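Chemist: Sending over my_file-v6.pdb (PDB, C-alpha atoms and all ligand atoms).
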```
MODEL        1
ATOM      1  CA  MET A 982     -14.819   7.579  12.892  1.00  0.00           C
ATOM      2  CA  GLY A 983     -16.890   9.962  10.817  1.00  0.00           C
ATOM      3  CA  ARG A 984     -18.485  11.123   7.618  1.00  0.00           C
ATOM      4  CA  LEU A 985     -16.534  12.503   4.675  1.00  0.00           C
ATOM      5  CA  PRO A 986     -17.732  15.648   2.847  1.00  0.00           C
ATOM      6  CA  HIS A 987     -20.221  15.318  -0.024  1.00  0.00           C
ATOM      7  CA  GLY A 988     -18.583  16.066  -3.368  1.00  0.00           C
ATOM      8  CA  SER A 989     -15.004  15.687  -2.208  1.00  0.00           C
ATOM      9  CA  ASP A 990     -12.449  13.265  -3.558  1.00  0.00           C
ATOM     10  CA  LEU A 991     -12.528   9.998  -1.588  1.00  0.00           C
ATOM     11  CA  LEU A 992      -8.807   9.205  -1.689  1.00  0.00           C
ATOM     12  CA  GLU A 993      -7.714  12.788  -1.082  1.00  0.00           C
ATOM     13  CA  SER A 994     -10.127  13.140   1.873  1.00  0.00           C
ATOM     14  CA  LEU A 995      -8.592  10.082   3.548  1.00  0.00           C
ATOM     15  CA  ASN A 996      -5.035  11.295   2.903  1.00  0.00           C
ATOM     16  CA  GLN A 997      -5.908  14.737   4.259  1.00  0.00           C
ATOM     17  CA  ILE A 998      -7.342  13.352   7.496  1.00  0.00           C
ATOM     18  CA  CYS A 999      -4.246  11.232   8.083  1.00  0.00           C
ATOM     19  CA  ARG A1000      -1.909  14.155   7.406  1.00  0.00           C
ATOM     20  CA  GLU A1001      -3.909  16.537   9.625  1.00  0.00           C
ATOM     21  CA  GLN A1002      -4.263  14.012  12.459  1.00  0.00           C
ATOM     22  CA  GLY A1003      -0.668  12.811  12.193  1.00  0.00           C
ATOM     23  CA  ILE A1004      -1.768   9.214  11.572  1.00  0.00           C
ATOM     24  CA  ARG A1005       1.301   7.362  10.321  1.00  0.00           C
ATOM     25  CA  LEU A1006       0.252   3.765  10.902  1.00  0.00           C
ATOM     26  CA  GLY A1007      -3.267   2.429  10.764  1.00  0.00           C
ATOM     27  CA  ARG A1008      -6.152   0.687   9.088  1.00  0.00           C
ATOM     28  CA  ILE A1009      -9.150   2.071   7.233  1.00  0.00           C
ATOM     29  CA  GLU A1010     -12.601   0.719   6.530  1.00  0.00           C
ATOM     30  CA  GLY A1011     -15.710   2.321   5.141  1.00  0.00           C
ATOM     31  CA  LEU A1012     -18.953   2.248   3.228  1.00  0.00           C
ATOM     32  CA  GLY A1013     -21.287   4.651   1.487  1.00  0.00           C
ATOM     33  CA  ALA A1014     -21.822   5.768  -2.087  1.00  0.00           C
ATOM     34  CA  VAL A1015     -19.953   7.641  -4.804  1.00  0.00           C
ATOM     35  CA  LYS A1016     -21.129   9.789  -7.725  1.00  0.00           C
ATOM     36  CA  ARG A1017     -18.343   8.519  -9.950  1.00  0.00           C
ATOM     37  CA  ALA A1018     -15.299   6.352  -9.517  1.00  0.00           C
ATOM     38  CA  ARG A1019     -11.800   5.844 -10.818  1.00  0.00           C
ATOM     39  CA  LEU A1020     -10.085   2.564 -10.024  1.00  0.00           C
ATOM     40  CA  GLY A1021      -6.639   1.256 -10.826  1.00  0.00           C
ATOM     41  CA  PHE A1022      -5.711  -2.217 -12.007  1.00  0.00           C
ATOM     42  CA  TYR A1023      -1.994  -2.962 -11.859  1.00  0.00           C
ATOM     43  CA  ASP A1024      -0.661  -4.616 -15.001  1.00  0.00           C
ATOM     44  CA  GLN A1025       1.974  -6.951 -13.573  1.00  0.00           C
ATOM     45  CA  GLU A1026       3.764  -7.420 -16.915  1.00  0.00           C
ATOM     46  CA  ARG A1027       4.016  -3.733 -17.818  1.00  0.00           C
ATOM     47  CA  LYS A1028       4.386  -2.696 -14.172  1.00  0.00           C
ATOM     48  CA  SER A1029       1.979   0.178 -14.525  1.00  0.00           C
ATOM     49  CA  TYR A1030      -1.609   0.981 -13.631  1.00  0.00           C
ATOM     50  CA  ASP A1031      -4.518   0.928 -16.013  1.00  0.00           C
ATOM     51  CA  PHE A1032      -7.394   3.100 -14.829  1.00  0.00           C
ATOM     52  CA  LEU A1033     -11.077   2.308 -15.098  1.00  0.00           C
ATOM     53  CA  GLU A1034     -13.567   5.150 -14.940  1.00  0.00           C
ATOM     54  CA  PHE A1035     -17.184   4.732 -13.904  1.00  0.00           C
ATOM     55  CA  ASP A1036     -19.269   7.849 -14.506  1.00  0.00           C
ATOM     56  CA  GLN A1037     -22.305   6.683 -12.566  1.00  0.00           C
ATOM     57  CA  PRO A1038     -23.606   6.405  -8.986  1.00  0.00           C
ATOM     58  CA  LEU A1039     -22.252   3.374  -7.168  1.00  0.00           C
ATOM     59  CA  GLU A1040     -22.543   1.948  -3.674  1.00  0.00           C
ATOM     60  CA  ILE A1041     -19.363   1.448  -1.687  1.00  0.00           C
ATOM     61  CA  THR A1042     -19.970  -2.082  -0.503  1.00  0.00           C
ATOM     62  CA  GLN A1043     -16.434  -2.520   0.798  1.00  0.00           C
ATOM     63  CA  LEU A1044     -13.592  -0.096   1.454  1.00  0.00           C
ATOM     64  CA  THR A1045     -10.450  -1.385   3.084  1.00  0.00           C
ATOM     65  CA  GLY A1046      -7.014   0.088   3.389  1.00  0.00           C
ATOM     66  CA  ASN A1047      -3.988   1.008   5.416  1.00  0.00           C
ATOM     67  CA  VAL A1048      -1.877   3.981   6.376  1.00  0.00           C
ATOM     68  CA  SER A1049       1.908   4.004   6.318  1.00  0.00           C
ATOM     69  CA  LEU A1050       4.638   6.420   5.309  1.00  0.00           C
ATOM     70  CA  LYS A1051       5.803   7.198   1.806  1.00  0.00           C
ATOM     71  CA  GLU A1052       8.640   9.689   1.427  1.00  0.00           C
ATOM     72  CA  GLY A1053       8.111  10.560   5.097  1.00  0.00           C
ATOM     73  CA  GLN A1054       4.457  11.529   4.713  1.00  0.00           C
ATOM     74  CA  PRO A1055       1.291   9.642   5.727  1.00  0.00           C
ATOM     75  CA  PHE A1056       0.131   7.649   2.708  1.00  0.00           C
ATOM     76  CA  VAL A1057      -3.192   5.900   2.336  1.00  0.00           C
ATOM     77  CA  HIS A1058      -3.571   2.728   0.275  1.00  0.00           C
ATOM     78  CA  VAL A1059      -7.188   1.739  -0.289  1.00  0.00           C
ATOM     79  CA  HIS A1060      -9.064  -0.873  -2.301  1.00  0.00           C
ATOM     80  CA  VAL A1061     -12.802  -0.703  -2.881  1.00  0.00           C
ATOM     81  CA  THR A1062     -15.636  -2.821  -4.142  1.00  0.00           C
ATOM     82  CA  LEU A1063     -18.471  -0.797  -5.688  1.00  0.00           C
ATOM     83  CA  ALA A1064     -21.905  -1.986  -6.794  1.00  0.00           C
ATOM     84  CA  ASP A1065     -24.245  -0.564  -9.430  1.00  0.00           C
ATOM     85  CA  HIS A1066     -28.076  -0.325  -9.462  1.00  0.00           C
ATOM     86  CA  ALA A1067     -28.310  -3.975 -10.526  1.00  0.00           C
ATOM     87  CA  GLY A1068     -25.998  -5.112  -7.749  1.00  0.00           C
ATOM     88  CA  HIS A1069     -23.123  -5.823 -10.072  1.00  0.00           C
ATOM     89  CA  ALA A1070     -19.789  -5.233  -8.371  1.00  0.00           C
ATOM     90  CA  PHE A1071     -16.570  -3.652  -9.596  1.00  0.00           C
ATOM     91  CA  GLY A1072     -13.409  -3.399  -7.641  1.00  0.00           C
ATOM     92  CA  GLY A1073      -9.856  -2.185  -7.596  1.00  0.00           C
ATOM     93  CA  HIS A1074      -7.242   0.177  -6.289  1.00  0.00           C
ATOM     94  CA  LEU A1075      -8.856   3.457  -5.279  1.00  0.00           C
ATOM     95  CA  ALA A1076      -7.506   6.310  -7.385  1.00  0.00           C
ATOM     96  CA  SER A1077      -8.057  10.037  -7.223  1.00  0.00           C
ATOM     97  CA  GLY A1078     -11.093  11.045  -9.251  1.00  0.00           C
ATOM     98  CA  THR A1079     -13.615   9.152  -7.122  1.00  0.00           C
ATOM     99  CA  GLU A1080     -16.241  11.642  -5.953  1.00  0.00           C
ATOM    100  CA  ILE A1081     -18.081  11.082  -2.681  1.00  0.00           C
ATOM    101  CA  PHE A1082     -21.871  11.086  -2.469  1.00  0.00           C
ATOM    102  CA  ALA A1083     -21.812   9.933   1.148  1.00  0.00           C
ATOM    103  CA  ALA A1084     -19.121   8.028   2.988  1.00  0.00           C
ATOM    104  CA  GLU A1085     -18.755   6.766   6.529  1.00  0.00           C
ATOM    105  CA  VAL A1086     -15.266   5.703   7.475  1.00  0.00           C
ATOM    106  CA  ILE A1087     -13.300   4.353  10.385  1.00  0.00           C
ATOM    107  CA  ILE A1088      -9.584   5.126  10.602  1.00  0.00           C
ATOM    108  CA  GLN A1089      -7.913   3.164  13.351  1.00  0.00           C
ATOM    109  CA  ALA A1090      -4.500   4.560  14.262  1.00  0.00           C
ATOM    110  CA  PHE A1091      -1.854   2.268  15.685  1.00  0.00           C
ATOM    111  CA  ASP A1092       1.031   3.060  17.996  1.00  0.00           C
ATOM    112  CA  GLY A1093       4.465   1.795  17.130  1.00  0.00           C
ATOM    113  CA  GLU A1094       7.059   2.260  14.477  1.00  0.00           C
ATOM    114  CA  PRO A1095       5.400   3.251  11.175  1.00  0.00           C
ATOM    115  CA  LEU A1096       6.011   1.172   8.077  1.00  0.00           C
ATOM    116  CA  GLN A1097       7.885   2.950   5.304  1.00  0.00           C
ATOM    117  CA  ARG A1098       7.210   2.422   1.622  1.00  0.00           C
ATOM    118  CA  GLY A1099      10.255   1.991  -0.570  1.00  0.00           C
ATOM    119  CA  TRP A1100      10.785   1.116  -4.194  1.00  0.00           C
ATOM    120  CA  ASP A1101      10.487  -2.618  -4.968  1.00  0.00           C
ATOM    121  CA  ASP A1102      12.267  -3.638  -8.181  1.00  0.00           C
ATOM    122  CA  VAL A1103      10.464  -6.970  -8.547  1.00  0.00           C
ATOM    123  CA  THR A1104       6.954  -5.509  -8.631  1.00  0.00           C
ATOM    124  CA  GLY A1105       7.701  -1.927  -9.623  1.00  0.00           C
ATOM    125  CA  LEU A1106       5.619  -0.754  -6.669  1.00  0.00           C
ATOM    126  CA  PRO A1107       6.348   1.294  -3.538  1.00  0.00           C
ATOM    127  CA  LEU A1108       6.067  -1.520  -0.981  1.00  0.00           C
ATOM    128  CA  TRP A1109       6.982  -2.181   2.627  1.00  0.00           C
ATOM    129  CA  SER A1110      10.024  -4.305   3.340  1.00  0.00           C
ATOM    130  CA  PRO A1111       9.024  -7.965   3.794  1.00  0.00           C
ATOM    131  CA  SER A1112       8.488  -8.948   7.436  1.00  0.00           C
ATOM    132  CA  GLY A1113      11.532 -10.527   9.033  1.00  0.00           C
ATOM    133  CA  THR A1114      14.115  -8.784   6.845  1.00  0.00           C
TER     134      THR A1114
HETATM  135 ZN    ZN A1201      -3.559  -1.060  -4.414  1.00  0.00          ZN
ENDMDL
END
```
Could you render the structure from this file as structure tokens?
Modeler:
Amino acid sequence: MGRLPHGSDLLESLNQICREQGIRLGRIEGLGAVKRARLGFYDQERKSYDFLEFDQPLEITQLTGNVSLKEGQPFVHVHVTLADHAGHAFGGHLASGTEIFAAEVIIQAFDGEPLQRGWDDVTGLPLWSPSGT
């Protein structure tokens, strides 16, 4: 549990902590504010991300995510909801290019066998195997 550095990239900071701490399985939550944001929206027909860029201060009203392995390395997957000065909210898949103003996060590491991300043909995404398979 801690504060992330002012001016650093939100997604990269979370990935770096997990790599440095050897966190391979876990959950993430957080709040704070960003100077600018870049969010992904997955186009399910094209099977690719569109990216939205917000070049303005925003509150992090919700940050939720998980940690698993992708290509053998800790990999963070995070979604955020951000609010502007009028309280209007935007949300999506956190992408690199989101710059921290201030962020307080909790990373809860779990014991046990880490989940591995592998290519999923149906969605075109690097997903976990479905439970029970
Ligand atoms: Zn996502």
Chemist: Could I get the residue neighbourhood of ligand ZN 1201 (chain A) at 10 Å, counting only C-alpha atoms and all ligand atoms, as a list in words?
Modeler: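 If we count only C-alpha atoms and all ligand atoms, the neighbours of ligand ZN 1201 (chain A) turn out to be Leu1020, Gly1021, Phe1022, Tyr1023, Tyr1030, Gly1046, Val1057, His1058, Val1059, His1060, Val1061, Gly1073, His1074, Leu1075, Ala1076 and Leu1106 of chain A.
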Chemist: Can you write out as a tab-separated table which residues of range 1000-1094 of chain A fall within 10 Å of range 986-994 of chain A, alongside each residue's closest atom pair and its distance in Å to one decimal, counting all atoms listed in the file and ordering rows by chain and ascending residue number?
Modeler:
```
residue	atom	partner	partner_atom	distance
A:Arg1000	CA	A:Ser994	CA	10.0
A:Ala1014	CA	A:His987	CA	9.9
A:Val1015	CA	A:Leu991	CA	8.4
A:Lys1016	CA	A:Gly988	CA	8.1
A:Arg1017	CA	A:Asp990	CA	9.9
A:Ala1018	CA	A:Leu991	CA	9.2
A:Val1057	CA	A:Leu992	CA	7.7
A:His1058	CA	A:Leu992	CA	8.6
A:Val1059	CA	A:Leu992	CA	7.8
A:Leu1075	CA	A:Leu992	CA	6.8
A:Ala1076	CA	A:Leu992	CA	6.5
A:Ser1077	CA	A:Leu992	CA	5.6
A:Gly1078	CA	A:Asp990	CA	6.3
A:Thr1079	CA	A:Asp990	CA	5.6
A:Glu1080	CA	A:Asp990	CA	4.8
A:Ile1081	CA	A:Gly988	CA	5.1
A:Phe1082	CA	A:His987	CA	5.2
A:Ala1083	CA	A:His987	CA	5.7
A:Ala1084	CA	A:Pro986	CA	7.7
A:Glu1085	CA	A:Pro986	CA	9.7
```
Chemist: Could you give me, as a ChimeraX atom specification, the residues within 6 Å of Ser1049 in chain A, counting only C-alpha atoms and dropping anything in the same chain fewer than 2 positions from it?
Modeler: /A:1005-1006,1055-1056,1096
Chemist: Can you translate the PyMOL selection byres (((chain A and resi 1064) around 9) and not hetatm) into the concrete residues it hits in this file, as a list in words?
Modeler: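 Here the PyMOL selection byres (((chain A and resi 1064) around 9) and not hetatm) matches Pro1038, Leu1039, Glu1040, Ile1041, Thr1042, Thr1062, Leu1063, Asp1065, His1066, Ala1067, Gly1068, His1069, Ala1070, Phe1071 and Gly1072 of chain A.
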Chemist: Identify which of the residues A:Asn996, A:Gln1037, A:Glu1094, A:Leu1044 lies closest to Ile1009 in chain A, counting all atoms listed in the file when measuring atom-to-atom distances.
Modeler: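 Smallest distance to Ile1009 in chain A is found for A:Leu1044.
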Chemist: Give me the residues near Arg1008 in chain A as a list in words, where near means some atom within 6 Å (using all atoms listed in the file) and where sequence neighbours in that chain fewer than 5 positions away do not count.
Modeler: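 After dropping sequence-adjacent residues, the list is Gly1046, Asn1047, Ile1088 and Gln1089 of chain A.
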Chemist: Using C-alpha atoms, can you export the residues from the last selection as a PDB file, in the frame of the given file?
Modeler:
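Saved as result_18.pdb:
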```
ATOM      1  CA  GLY A1046      -7.014   0.088   3.389  1.00  0.00           C
ATOM      2  CA  ASN A1047      -3.988   1.008   5.416  1.00  0.00           C
ATOM      3  CA  ILE A1088      -9.584   5.126  10.602  1.00  0.00           C
ATOM      4  CA  GLN A1089      -7.913   3.164  13.351  1.00  0.00           C
TER       5      GLN A1089
END
```
Chemist: Please return the centre and edge lengths, in Å to one decimal, of a box with edges along x, y and z that contains all listed atoms of range 1075-1084 of chain A, widened by 5 Å on every side, as JSON.
Modeler:
```
{"center_x": -14.7, "center_y": 7.5, "center_z": -3.1, "size_x": 24.4, "size_y": 18.2, "size_z": 22.2}
```
Chemist: Selected by the PyMOL selection byres (((chain A and resi 1108) around 6) and not hetatm) in the shown coordinates: which residues, as a ChimeraX atom specification?
Modeler: /A:1098-1099,1106-1107,1109
Chemist: Please compute the CA of Ser1110 in chain A-CA of Gly1003 in chain A distance, one decimal, in Å.
Modeler: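 That distance, rounded to one decimal, is 22.0 Å.
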Chemist: From the set A:Leu985, A:Phe1035, A:Glu1052, A:Ser1112, which residue has the shortest atom-to-atom contact distance to Ile998 in chain A, counting all atoms listed in the file?
Modeler: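 The shortest atom-to-atom distance to Ile998 in chain A comes from A:Leu985.
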Chemist: Using all atoms listed in the file, pick whichever of A:Thr1045, A:Gln1054, A:Gly1013, A:Ile1087 has the shortest atom-to-atom distance to Gln997 in chain A.
Modeler: A:Gln1054
Chemist: Could you state the separation of CA of Arg984 in chain A and CA of Val1086 in chain A in Å, given to one decimal place?
Modeler: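 CA of Val1086 in chain A lies 6.3 Å from CA of Arg984 in chain A.
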Chemist: Quick one: distance from CA of Gly983 in chain A to CA of Gln1002 in chain A in Å, one decimal?
Modeler: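 Going from CA of Gly983 in chain A over to CA of Gln1002 in chain A, I get 13.4 Å.
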Chemist: Rank nothing, just name the residue among A:Gly1093, A:Thr1104, A:Gly1011, A:Lys1051 nearest to Ser1029 in chain A, using all atoms listed in the file.
Modeler: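 Of the candidates, the smallest distance to Ser1029 in chain A is held by A:Thr1104.
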Chemist: Which residues, written as a PyMOL selection string, have at least one atom at most 6 Å from Lys1028 in chain A, with all atoms listed in the file counted and residues fewer than 3 positions away on the same chain left out?
Modeler: chain A and resi 1024-1025+1105
Chemist: Between A:Gln1043, A:Val1103, A:Ala1090, A:Leu1050, which one has atoms that come closest to Glu1026 in chain A, using all atoms listed in the file?
Modeler: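 Using all atoms listed in the file, the shortest distance to Glu1026 in chain A belongs to A:Val1103.
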